[in-house]
Amino acid sequence: MKLQNKKIPEAEFLKIREEVLKSWKTGLDSQLDLDNAVKYLKTVPDYKNFAIKLNQAKANGTTLVQPRAGVPELDVHIKLLNYLEECGADFLPSTVDSYTRQNRYIEAQKGLDESVQIQRALLNGFPVVNHGVTNCKKVFESINVPIEARHGTPDARLLSEIIHASGWTSNEGGGISYNIPYAKSVPLEVSIINWQYCDRLVGYYEERGIKINREPFGPLTGTLVPASISNTIMIVEALLAAEQGVKNITVGYGMGGNLIQDVAAIKALYTQTIEYLEKFNYENMEISTVFHQWMGGFPQDESEAMALIAYSSSVAALSKATKLISKSPHESIGIPTREANGLGVKASKFIVNMLKDQSMADSPELESEINQIKAEVDCLLNAILKVGNGDIAIGIVEAFKQGLIDVPFAPSNCNAGKILPARDNDGKIRILEFGNLAFNDEIKEFHRKKIEERAKSENREISFQLTVDDVYSVSEGKLIGRPKKVRV
Amino acid sequence: MKLQNKKIPEAEFLKIREEVLKSWKTGLDSQLDLDNAVKYLKTVPDYKNFAIKLNQAKANGTTLVQPRAGVPELDVHIKLLNYLEECGADFLPSTVDSYTRQNRYIEAQKGLDESVQIQRALLNGFPVVNHGVTNCKKVFESINVPIEARHGTPDARLLSEIIHASGWTSNEGGGISYNIPYAKSVPLEVSIINWQYCDRLVGYYEERGIKINREPFGPLTGTLVPASISNTIMIVEALLAAEQGVKNITVGYGMGGNLIQDVAAIKALYTQTIEYLEKFNYENMEISTVFHQWMGGFPQDESEAMALIAYSSSVAALSKATKLISKSPHESIGIPTREANGLGVKASKFIVNMLKDQSMADSPELESEINQIKAEVDCLLNAILKVGNGDIAIGIVEAFKQGLIDVPFAPSNCNAGKILPARDNDGKIRILEFGNLAFNDEIKEFHRKKIEERAKSENREISFQLTVDDVYSVSEGKLIGRPKKVRV
Amino acid sequence: MKTIVIGVIGADVHAVGNKIIEYTLNNAGYNVVNIGVLSSQEDFINAAIETNASLILVSSLYGHGEIDCRGMREKCVESGIADILLYVGGNIVVGKQDFGHVEEIFREMGFNRVFAPGTPIDNALGNIQQDLGE
Amino acid sequence: MKTIVIGVIGADVHAVGNKIIEYTLNNAGYNVVNIGVLSSQEDFINAAIETNASLILVSSLYGHGEIDCRGMREKCVESGIADILLYVGGNIVVGKQDFGHVEEIFREMGFNRVFAPGTPIDNALGNIQQDLGE
Ligand code: B12
Ligand code: B12
């Protein structure tokens, strides 16, 4: 199959589908028959439909909270979700284990079996594919809010089939955002084609009157990702999804740490996503935004972690993001207990409720940061479209190949890995080494100046050490990794 | 003695002093001899001097953290302070018990003795006067940061003598702020005269080259206090203190809950305090600000309380207040354990450190709120000066009598208690019932309009119920006490 | 219309809850006699006698409740209102203590109902109705 | 100059720490062979044999470390590098567990040093120096 940004014809989709369902035994379940699945999805009440609940939140200007959570065993997983719902989670997740993410179902099965046996989780998530539709429906039927699969799977076709047929009305991911940070050697063409399939499935349901939400994964590597780079990828994935018939999309962003830049990023993301969808004539699109609490290394101290969670929540609320993904006070240590996870949800809910009538005041600083991000995104998208001869799918693959777009710290071979980010004197994320990034000279000059200002004020050279210091800084309780003062 | 805003002549001060020292046996300690005290205070190193550390923080633009803490027994109290210092407290407090605050030393002694006996605190603070200079010096010598007495004492003359002679270089309070919220039937003249004495004592030390900080208590009743009212009282107390020779003053403000209003309040407070001190020709004044984390009813849930603590800290950091008073996750229940208190300190420190390079962006909304507060303060101060024929001390007493200035929910008989505050649609604190408050018509009209907007949007009448709902709201996780939706 | 005496005992100046309690009980149809903050046991008892009250509702927020409330029932007995209902609520002891134990201490002092920290007055309306029989 | 093989084991893609470890060990004067994320036991062992490494420094962040590391020492023995130093660190098990117990599990698997969650590589430099004897 040749990659292009073109809706997969239904017949072709159904043909590929046959192969997909054969890739693991749970794919053969008759509940995966599309007519059955459509029938089941039609019974999903509005309050358990992800897309509908998001639309309502957007209309009310509220920010809803969703944790991450997933444990291998069915019963324990259901109890975990019930508990988080009690804590106030507006949306529930099922975070999928890492073997499943790499389609290693045999290892996932081993991990699941042994976890059951020794009564201790050996997997870092809920292996949806191994559990199959019956169990996933049990999960769905045990809760009272919409549920989404959250994973990081370059080939999530079978996974997507199973979750949607089970009433899960949202799927996180995308051909770029679930490859670049989550794989080493999966070609970008392949993951994009796979995700075109996942989007086409949603389009299929959409055509039958079933609303399903899709959520590209904004934070990418979670580590000093410049807003314009993640926003660009969000817009590309939104365009790819829209082409396959997806209507309800939540574009995402992972907190950077500077209040103004974070609010600007969400605002720019929202407007530009809509702008580009309109430019390419996708109609009746429903766009919302998701803000991820700090995605880099967390502080170990639990009260500090709680403080960071609360601070992240206030930024989300002030930015008016539609959804907020919460973390827990155990973040730096390991998968949280359900109690720790619940503490994160409660703290987050408290803040978004408390701040629901407030938003970030318009200011020259905010406006100029929004404009900066927008200009950078336009620049990157122009470059992508250019190398793709107008085809965004071809363009993004080529752009990654040439390093025109580049994600810091990404493990993927498809990523050039040449740019180096660092914070400026306000803590805004800028770029100190551009590699081949498709920024114009004016933008590069702006970044250079900002980084120089900081280096000068710290009396040191511009080097990778700045980046390294900024990777550690938040977990050490600072936003900017200033050189440690040497005591005399 | 007749009240007026006039520096107490040294001879007169020393004469009153003789009486003051006789009011409880610990006053007779020879360590209270002023020459001894001056000698002792001269040994206090800079890093343990409150005023000097505040000046440094202001110069660096950082926000330093101080908890509240006090238990009856000396050893337990010292351990508590050591623990909080380990948690990162930049300044330490000794919160004084409520009997001492009312000069009921006999009851304080009973409470102290029984607490020692049953090994459980029966007093809500550290009874400084009963402990006397020797014990207070032990406290001071056991810690490595500056320490302040925090109380709520209309007549704190003996208390102030004891703490300063023990090396404690800051004293919270003031003739208004430690009467109106803290007493029922102490005449304002009396508490002001008493606090002129406390200020004169600081002036005495100041004349001998010893820097001591004074901190009027900004939050007052902690409950829906309009910023202009508390700021006015802060400025009055700063003027009263300056007249007695105080040079280093930290004016305070208790968080209201709306981000813009809170930042505006701190900014207006700082500028206007300086403005008025200059207007009355007080020279070489060192002014800093203190932001109090949410002072009203706290949520019971500890993760919610932590979230509120963290949110409060971000507001403080963005406002660039010099000091932040932290709360604990036990706030709504009772005096915190030292661990709970430490959690609050750590969370607060984390946030002020993380945000230290950021401040609130200038915006039209912020500017107009600053101007609003300033205009209201000018209006109130004009009225006070007018009824005092230019004497601020006489004026404030008279203004309270006439209700020209009025504090919501205050227990004092000197307070008219006629105004009713409530939030507007952004959560900013406004006034719905003015009583005799000395606002001009334009200002009143502004408040009326704001409250009307809210009432209209909630489809209800303007009444005390708005105020009541807003008193409860934050502890229930909302800023604005909207009417509860009746489910059908 | 039954009469309830309310106030805040001891050296306690927490006035907000007290004002809200007055408002809430008034709305609920009681005759409320509010003696305010910084009130002694005697203040409560005198007010109750003068107004022929059915219930004394003591608030203590600041932590000294245990000391301040001791002997109050005995004083009621001495003053001839032995059977008057006594409630206490607010934050009645210092710190976060096991409430079962705290309740016991105050029950032994002769309080008919003892409320956990943060119980808003609204949640006690049911008890009041029940006890005052209306 | 001693050689250290570093990488992230199993289906784990956490790349940030790995890049920082490379940078830090390089700065500390070692010859670093970085096999990156998503590496199998075999990948580590082959790299160690090829480069005559003194130490294999295994990172596992994602929680499956326990499954992924089992049998690694045995494979080293089979491959003729029985005595090579094996370190493991990161977030090596699922969740917040008692670290004493976790350390035991990995020591029994034959790891010479086992690091608690969040121990930055800088804190292990002393151990490396000591063990590699320089
Ligand atoms: C950023 C991040 C991500 C990014 C990673 C991007 C990328 N490709 O690199 C994304 C978002 C993609 C991600 C995905 C996932 N993550 Co993740 N992630 C993190 C996070 C927040 C920070 C990691 C980081 O970069 N830290 C900064 C670097 C510098 O520190 P470091 O990685 O800890 O490495 C240092 C030290 O550990 C040490 N070190 C590392 N190895 C070794 C070895 C030795 C011998 C020594 C001495 C030292 C040492 O030195 C390094 C440098 O100082 C951590 C939590 C945290 N720490 O706060 C979770 C965390 C590691 N992730 C976790 C999980 C579970 C996942 C997911 C499964 C999704 C999920 N369930 O949430 C997927 C897994 C994908 C996969 N297949 O691997 C868990 C692991 C849980 C556990 N062990 O119980 C953590 C702990 C979060 C949590 N509490 O749930 N993650
Ligand atoms: C605002 C406040 C203040 C203000 C009070 C202003 C004023 N004059 O009213 C100021 C700042 C002056 C203040 C001072 C002090 N305070 Co104060 N304060 C508070 C705070 C934050 C809110 C109280 C409030 O107004 N709540 C809102 C109202 C509506 O609720 P409420 O008071 O709880 O009342 C409701 C219910 O409790 C209930 N209720 C009350 N009484 C009764 C009785 C019955 C029978 C029933 C059924 C119900 C009931 O109904 C009310 C209405 O719904 C509380 C902590 C909290 N709750 O979050 C601490 C708190 C009460 N304060 C406390 C303390 C210790 C003090 C000080 C000693 C200073 C200090 N150490 O920090 C001084 C004491 C001064 C004195 N002599 O009394 C402690 C008490 C500790 C304890 N019991 O262990 C608390 C709990 C904070 C803490 N955790 O340390 N405080």
# chains A, B, ... in the order shown; residues from 1 in each chain; ligands from 1
>>> interface_residues(of="chain B", to="chain A", cutoff="6 Å", atoms="only C-alpha atoms", output="ChimeraX atom specification")
/B:303-304,307,310,343,347,350,353-354,357-358,363,426,477-479
>>> write_last_selection(atoms="C-alpha atoms", output="PDB file, in the first residue's frame")
ATOM      1  CA  SER B 303      -5.743  16.253  48.762  1.00  0.00           C
ATOM      2  CA  GLU B 304      -8.126  19.110  48.074  1.00  0.00           C
ATOM      3  CA  ALA B 307      -4.395  21.583  46.006  1.00  0.00           C
ATOM      4  CA  ALA B 310      -0.488  24.869  46.003  1.00  0.00           C
ATOM      5  CA  LEU B 343       3.552  18.945  53.886  1.00  0.00           C
ATOM      6  CA  ALA B 347       4.241  22.073  48.710  1.00  0.00           C
ATOM      7  CA  PHE B 350       8.010  23.826  45.648  1.00  0.00           C
ATOM      8  CA  ASN B 353      10.636  28.024  43.702  1.00  0.00           C
ATOM      9  CA  MET B 354       9.197  26.673  40.505  1.00  0.00           C
ATOM     10  CA  ASP B 357      11.241  33.466  37.384  1.00  0.00           C
ATOM     11  CA  GLN B 358       7.658  34.234  36.421  1.00  0.00           C
ATOM     12  CA  SER B 363      -2.916  43.169  31.175  1.00  0.00           C
ATOM     13  CA  ASP B 426     -15.432  36.218  37.899  1.00  0.00           C
ATOM     14  CA  GLY B 477     -14.608  23.191  46.017  1.00  0.00           C
ATOM     15  CA  LYS B 478     -16.007  26.184  44.203  1.00  0.00           C
ATOM     16  CA  LEU B 479     -14.985  29.808  44.242  1.00  0.00           C
TER      17      LEU B 479
END
>>> residues_near_ligand(ligand="ligand 1", cutoff="6 Å", atoms="only C-alpha atoms and all ligand atoms", output="MDAnalysis selection string")
(chainID A and resid 95 97:98 124:125 181:182 221:222 295:298 330:336 410:411) or (chainID D and resid 11:17 20:21 57:59 61:63 87:95 115 118:121 124)
>>> closest_residue(among="C:Val114, C:Val77, C:Ala53, C:Ala48", to="ligand 2", atoms="only C-alpha atoms and all ligand atoms")
C:Val114
>>> closest_residue(among="C:Asn18, C:Gln41, C:Thr3, C:Gln97", to="Cys69 of chain C", atoms="only C-alpha atoms")
C:Gln41
>>> select_by_dssp(residues="segment 136-342 of chain B", states="alpha helix (DSSP H)", output="PyMOL selection string")
chain B and resi 136-141+157-165+188-207+227-243+259-279+302-319+338-342
>>> residues_around(residues="Gly203 of chain A", least_positions_apart="2", cutoff="8 Å", atoms="only C-alpha atoms", output="ChimeraX atom specification")
/A:199-201,205-207,244-247
>>> residues_around(residues="Glu445 of chain B", least_positions_apart="4", cutoff="12 Å", atoms="only C-alpha atoms", output="VMD selection string")
chain B and resid 430 to 434 439 to 441 449 to 452
>>> residues_around(residues="Ile56 of chain C", least_positions_apart="5", cutoff="10 Å", atoms="only C-alpha atoms", output="list in words")
Thr3, Ile4, Val5, Ile6, Gly7, Val33, Phe44, Ile45, Ala47, Ala48, Ile84, Leu85, Leu86, Tyr87, Val88 and Phe111 of chain C
>>> write_last_selection(atoms="N, CA, C and O atoms", output="mmCIF file, in the first residue's frame")
data_model
loop_
_atom_site.group_PDB
_atom_site.id
_atom_site.type_symbol
_atom_site.label_atom_id
_atom_site.label_comp_id
_atom_site.auth_asym_id
_atom_site.auth_seq_id
_atom_site.Cartn_x
_atom_site.Cartn_y
_atom_site.Cartn_z
ATOM 1 N N THR C 3 -36.876 28.257 71.498
ATOM 2 C CA THR C 3 -35.733 29.170 71.574
ATOM 3 C C THR C 3 -34.421 28.399 71.700
ATOM 4 O O THR C 3 -34.329 27.424 72.450
ATOM 5 N N ILE C 4 -33.451 28.856 70.955
ATOM 6 C CA ILE C 4 -32.116 28.254 71.009
ATOM 7 C C ILE C 4 -31.096 29.348 71.333
ATOM 8 O O ILE C 4 -31.097 30.396 70.694
ATOM 9 N N VAL C 5 -30.267 29.075 72.340
ATOM 10 C CA VAL C 5 -29.186 30.013 72.643
ATOM 11 C C VAL C 5 -27.939 29.553 71.908
ATOM 12 O O VAL C 5 -27.557 28.381 71.998
ATOM 13 N N ILE C 6 -27.335 30.456 71.162
ATOM 14 C CA ILE C 6 -26.084 30.115 70.490
ATOM 15 C C ILE C 6 -24.993 31.088 70.903
ATOM 16 O O ILE C 6 -25.270 32.206 71.356
ATOM 17 N N GLY C 7 -23.735 30.631 70.741
ATOM 18 C CA GLY C 7 -22.606 31.481 71.081
ATOM 19 C C GLY C 7 -21.309 30.700 70.942
ATOM 20 O O GLY C 7 -21.333 29.493 70.688
ATOM 21 N N VAL C 33 -31.263 33.203 70.131
ATOM 22 C CA VAL C 33 -30.633 34.190 71.001
ATOM 23 C C VAL C 33 -29.134 34.010 70.862
ATOM 24 O O VAL C 33 -28.576 32.994 71.281
ATOM 25 N N PHE C 44 -23.940 31.770 78.660
ATOM 26 C CA PHE C 44 -24.868 30.857 77.992
ATOM 27 C C PHE C 44 -26.056 30.544 78.903
ATOM 28 O O PHE C 44 -27.216 30.613 78.507
ATOM 29 N N ILE C 45 -25.740 30.174 80.163
ATOM 30 C CA ILE C 45 -26.778 29.703 81.077
ATOM 31 C C ILE C 45 -27.744 30.828 81.423
ATOM 32 O O ILE C 45 -28.969 30.636 81.401
ATOM 33 N N ALA C 47 -28.481 33.414 79.618
ATOM 34 C CA ALA C 47 -29.326 33.677 78.458
ATOM 35 C C ALA C 47 -30.411 32.616 78.332
ATOM 36 O O ALA C 47 -31.576 32.912 78.011
ATOM 37 N N ALA C 48 -30.057 31.377 78.596
ATOM 38 C CA ALA C 48 -31.033 30.295 78.466
ATOM 39 C C ALA C 48 -32.146 30.445 79.496
ATOM 40 O O ALA C 48 -33.324 30.235 79.193
ATOM 41 N N ILE C 84 -31.735 20.910 80.346
ATOM 42 C CA ILE C 84 -31.638 21.606 79.059
ATOM 43 C C ILE C 84 -30.720 20.834 78.110
ATOM 44 O O ILE C 84 -29.745 20.203 78.532
ATOM 45 N N LEU C 85 -31.087 20.860 76.850
ATOM 46 C CA LEU C 85 -30.265 20.181 75.843
ATOM 47 C C LEU C 85 -28.981 20.973 75.631
ATOM 48 O O LEU C 85 -29.004 22.193 75.489
ATOM 49 N N LEU C 86 -27.858 20.240 75.583
ATOM 50 C CA LEU C 86 -26.561 20.883 75.315
ATOM 51 C C LEU C 86 -25.946 20.248 74.071
ATOM 52 O O LEU C 86 -25.737 19.032 74.029
ATOM 53 N N TYR C 87 -25.689 21.074 73.076
ATOM 54 C CA TYR C 87 -24.954 20.622 71.882
ATOM 55 C C TYR C 87 -23.602 21.308 71.883
ATOM 56 O O TYR C 87 -23.482 22.453 72.338
ATOM 57 N N VAL C 88 -22.615 20.638 71.322
ATOM 58 C CA VAL C 88 -21.345 21.322 71.093
ATOM 59 C C VAL C 88 -20.810 20.914 69.713
ATOM 60 O O VAL C 88 -20.964 19.771 69.285
ATOM 61 N N PHE C 111 -22.825 16.648 77.494
ATOM 62 C CA PHE C 111 -23.380 17.184 76.246
ATOM 63 C C PHE C 111 -24.234 16.121 75.566
ATOM 64 O O PHE C 111 -23.868 14.947 75.512
#
>>> atom_distance(atom1="atom CA of Leu158 of chain B", atom2="atom CA of Leu54 of chain B")
25.3 Å
>>> residues_around(residues="segment 171-179 of chain B", least_positions_apart="3", cutoff="6 Å", atoms="only C-alpha atoms", output="ChimeraX atom specification")
/B:148-150,152-154,182-183,191-192,195,214-217,220
>>> atom_distance(atom1="atom CA of Val71 of chain A", atom2="atom CA of Val290 of chain A")
23.5 Å
>>> closest_residue(among="C:Glu108, C:Asp122, C:Asp83, C:Glu103", to="ligand 2", atoms="only C-alpha atoms and all ligand atoms")
C:Asp122
>>> atom_distance(atom1="atom CA of Ala438 of chain B", atom2="atom CA of Ile405 of chain B")
6.6 Å
>>> closest_residue(among="C:Met72, C:Val32, C:Ala116, C:Val102", to="ligand 2", atoms="only C-alpha atoms and all ligand atoms")
C:Ala116
>>> closest_residue(among="C:Asn127, C:Asn26, C:Asn52, C:Ser40", to="ligand 2", atoms="only C-alpha atoms and all ligand atoms")
C:Asn127
>>> closest_residue(among="C:Gly29, C:Pro117, C:Gly36, C:Gly80", to="ligand 2", atoms="only C-alpha atoms and all ligand atoms")
C:Pro117
>>> decode(residues="segment 269-282 of chain B", atoms="N, CA, C and O atoms", output="PDB file, in the first residue's frame")
ATOM      1  N   LEU B 269      -1.331  47.250  47.118  1.00  0.00           N
ATOM      2  CA  LEU B 269      -0.930  47.369  48.521  1.00  0.00           C
ATOM      3  C   LEU B 269       0.500  47.890  48.629  1.00  0.00           C
ATOM      4  O   LEU B 269       0.790  48.814  49.405  1.00  0.00           O
ATOM      5  N   TYR B 270       1.365  47.302  47.832  1.00  0.00           N
ATOM      6  CA  TYR B 270       2.769  47.703  47.892  1.00  0.00           C
ATOM      7  C   TYR B 270       2.938  49.166  47.480  1.00  0.00           C
ATOM      8  O   TYR B 270       3.527  49.963  48.215  1.00  0.00           O
ATOM      9  N   THR B 271       2.397  49.525  46.333  1.00  0.00           N
ATOM     10  CA  THR B 271       2.602  50.910  45.847  1.00  0.00           C
ATOM     11  C   THR B 271       1.957  51.923  46.764  1.00  0.00           C
ATOM     12  O   THR B 271       2.551  52.963  47.069  1.00  0.00           O
ATOM     13  N   GLN B 272       0.730  51.652  47.185  1.00  0.00           N
ATOM     14  CA  GLN B 272       0.046  52.667  47.995  1.00  0.00           C
ATOM     15  C   GLN B 272       0.649  52.802  49.386  1.00  0.00           C
ATOM     16  O   GLN B 272       0.670  53.895  49.952  1.00  0.00           O
ATOM     17  N   THR B 273       1.138  51.712  49.941  1.00  0.00           N
ATOM     18  CA  THR B 273       1.782  51.827  51.247  1.00  0.00           C
ATOM     19  C   THR B 273       2.968  52.791  51.142  1.00  0.00           C
ATOM     20  O   THR B 273       3.130  53.709  51.966  1.00  0.00           O
ATOM     21  N   ILE B 274       3.760  52.585  50.118  1.00  0.00           N
ATOM     22  CA  ILE B 274       4.911  53.468  49.931  1.00  0.00           C
ATOM     23  C   ILE B 274       4.461  54.908  49.671  1.00  0.00           C
ATOM     24  O   ILE B 274       5.005  55.857  50.264  1.00  0.00           O
ATOM     25  N   GLU B 275       3.459  55.042  48.812  1.00  0.00           N
ATOM     26  CA  GLU B 275       2.935  56.364  48.490  1.00  0.00           C
ATOM     27  C   GLU B 275       2.521  57.125  49.752  1.00  0.00           C
ATOM     28  O   GLU B 275       2.894  58.283  49.945  1.00  0.00           O
ATOM     29  N   TYR B 276       1.733  56.474  50.577  1.00  0.00           N
ATOM     30  CA  TYR B 276       1.236  57.163  51.772  1.00  0.00           C
ATOM     31  C   TYR B 276       2.337  57.419  52.786  1.00  0.00           C
ATOM     32  O   TYR B 276       2.344  58.437  53.464  1.00  0.00           O
ATOM     33  N   LEU B 277       3.268  56.512  52.902  1.00  0.00           N
ATOM     34  CA  LEU B 277       4.386  56.760  53.819  1.00  0.00           C
ATOM     35  C   LEU B 277       5.185  57.970  53.354  1.00  0.00           C
ATOM     36  O   LEU B 277       5.617  58.799  54.156  1.00  0.00           O
ATOM     37  N   GLU B 278       5.347  58.068  52.039  1.00  0.00           N
ATOM     38  CA  GLU B 278       6.069  59.226  51.506  1.00  0.00           C
ATOM     39  C   GLU B 278       5.276  60.507  51.726  1.00  0.00           C
ATOM     40  O   GLU B 278       5.822  61.541  52.116  1.00  0.00           O
ATOM     41  N   LYS B 279       3.981  60.390  51.488  1.00  0.00           N
ATOM     42  CA  LYS B 279       3.117  61.555  51.644  1.00  0.00           C
ATOM     43  C   LYS B 279       3.254  62.129  53.056  1.00  0.00           C
ATOM     44  O   LYS B 279       3.221  63.343  53.259  1.00  0.00           O
ATOM     45  N   PHE B 280       3.379  61.244  54.033  1.00  0.00           N
ATOM     46  CA  PHE B 280       3.500  61.718  55.420  1.00  0.00           C
ATOM     47  C   PHE B 280       4.961  61.829  55.862  1.00  0.00           C
ATOM     48  O   PHE B 280       5.249  61.880  57.063  1.00  0.00           O
ATOM     49  N   ASN B 281       5.844  61.805  54.853  1.00  0.00           N
ATOM     50  CA  ASN B 281       7.253  62.107  55.107  1.00  0.00           C
ATOM     51  C   ASN B 281       7.996  61.123  56.008  1.00  0.00           C
ATOM     52  O   ASN B 281       8.917  61.502  56.716  1.00  0.00           O
ATOM     53  N   TYR B 282       7.587  59.875  55.990  1.00  0.00           N
ATOM     54  CA  TYR B 282       8.402  58.886  56.699  1.00  0.00           C
ATOM     55  C   TYR B 282       9.503  58.445  55.756  1.00  0.00           C
ATOM     56  O   TYR B 282       9.232  58.029  54.629  1.00  0.00           O
TER      57      TYR B 282
END
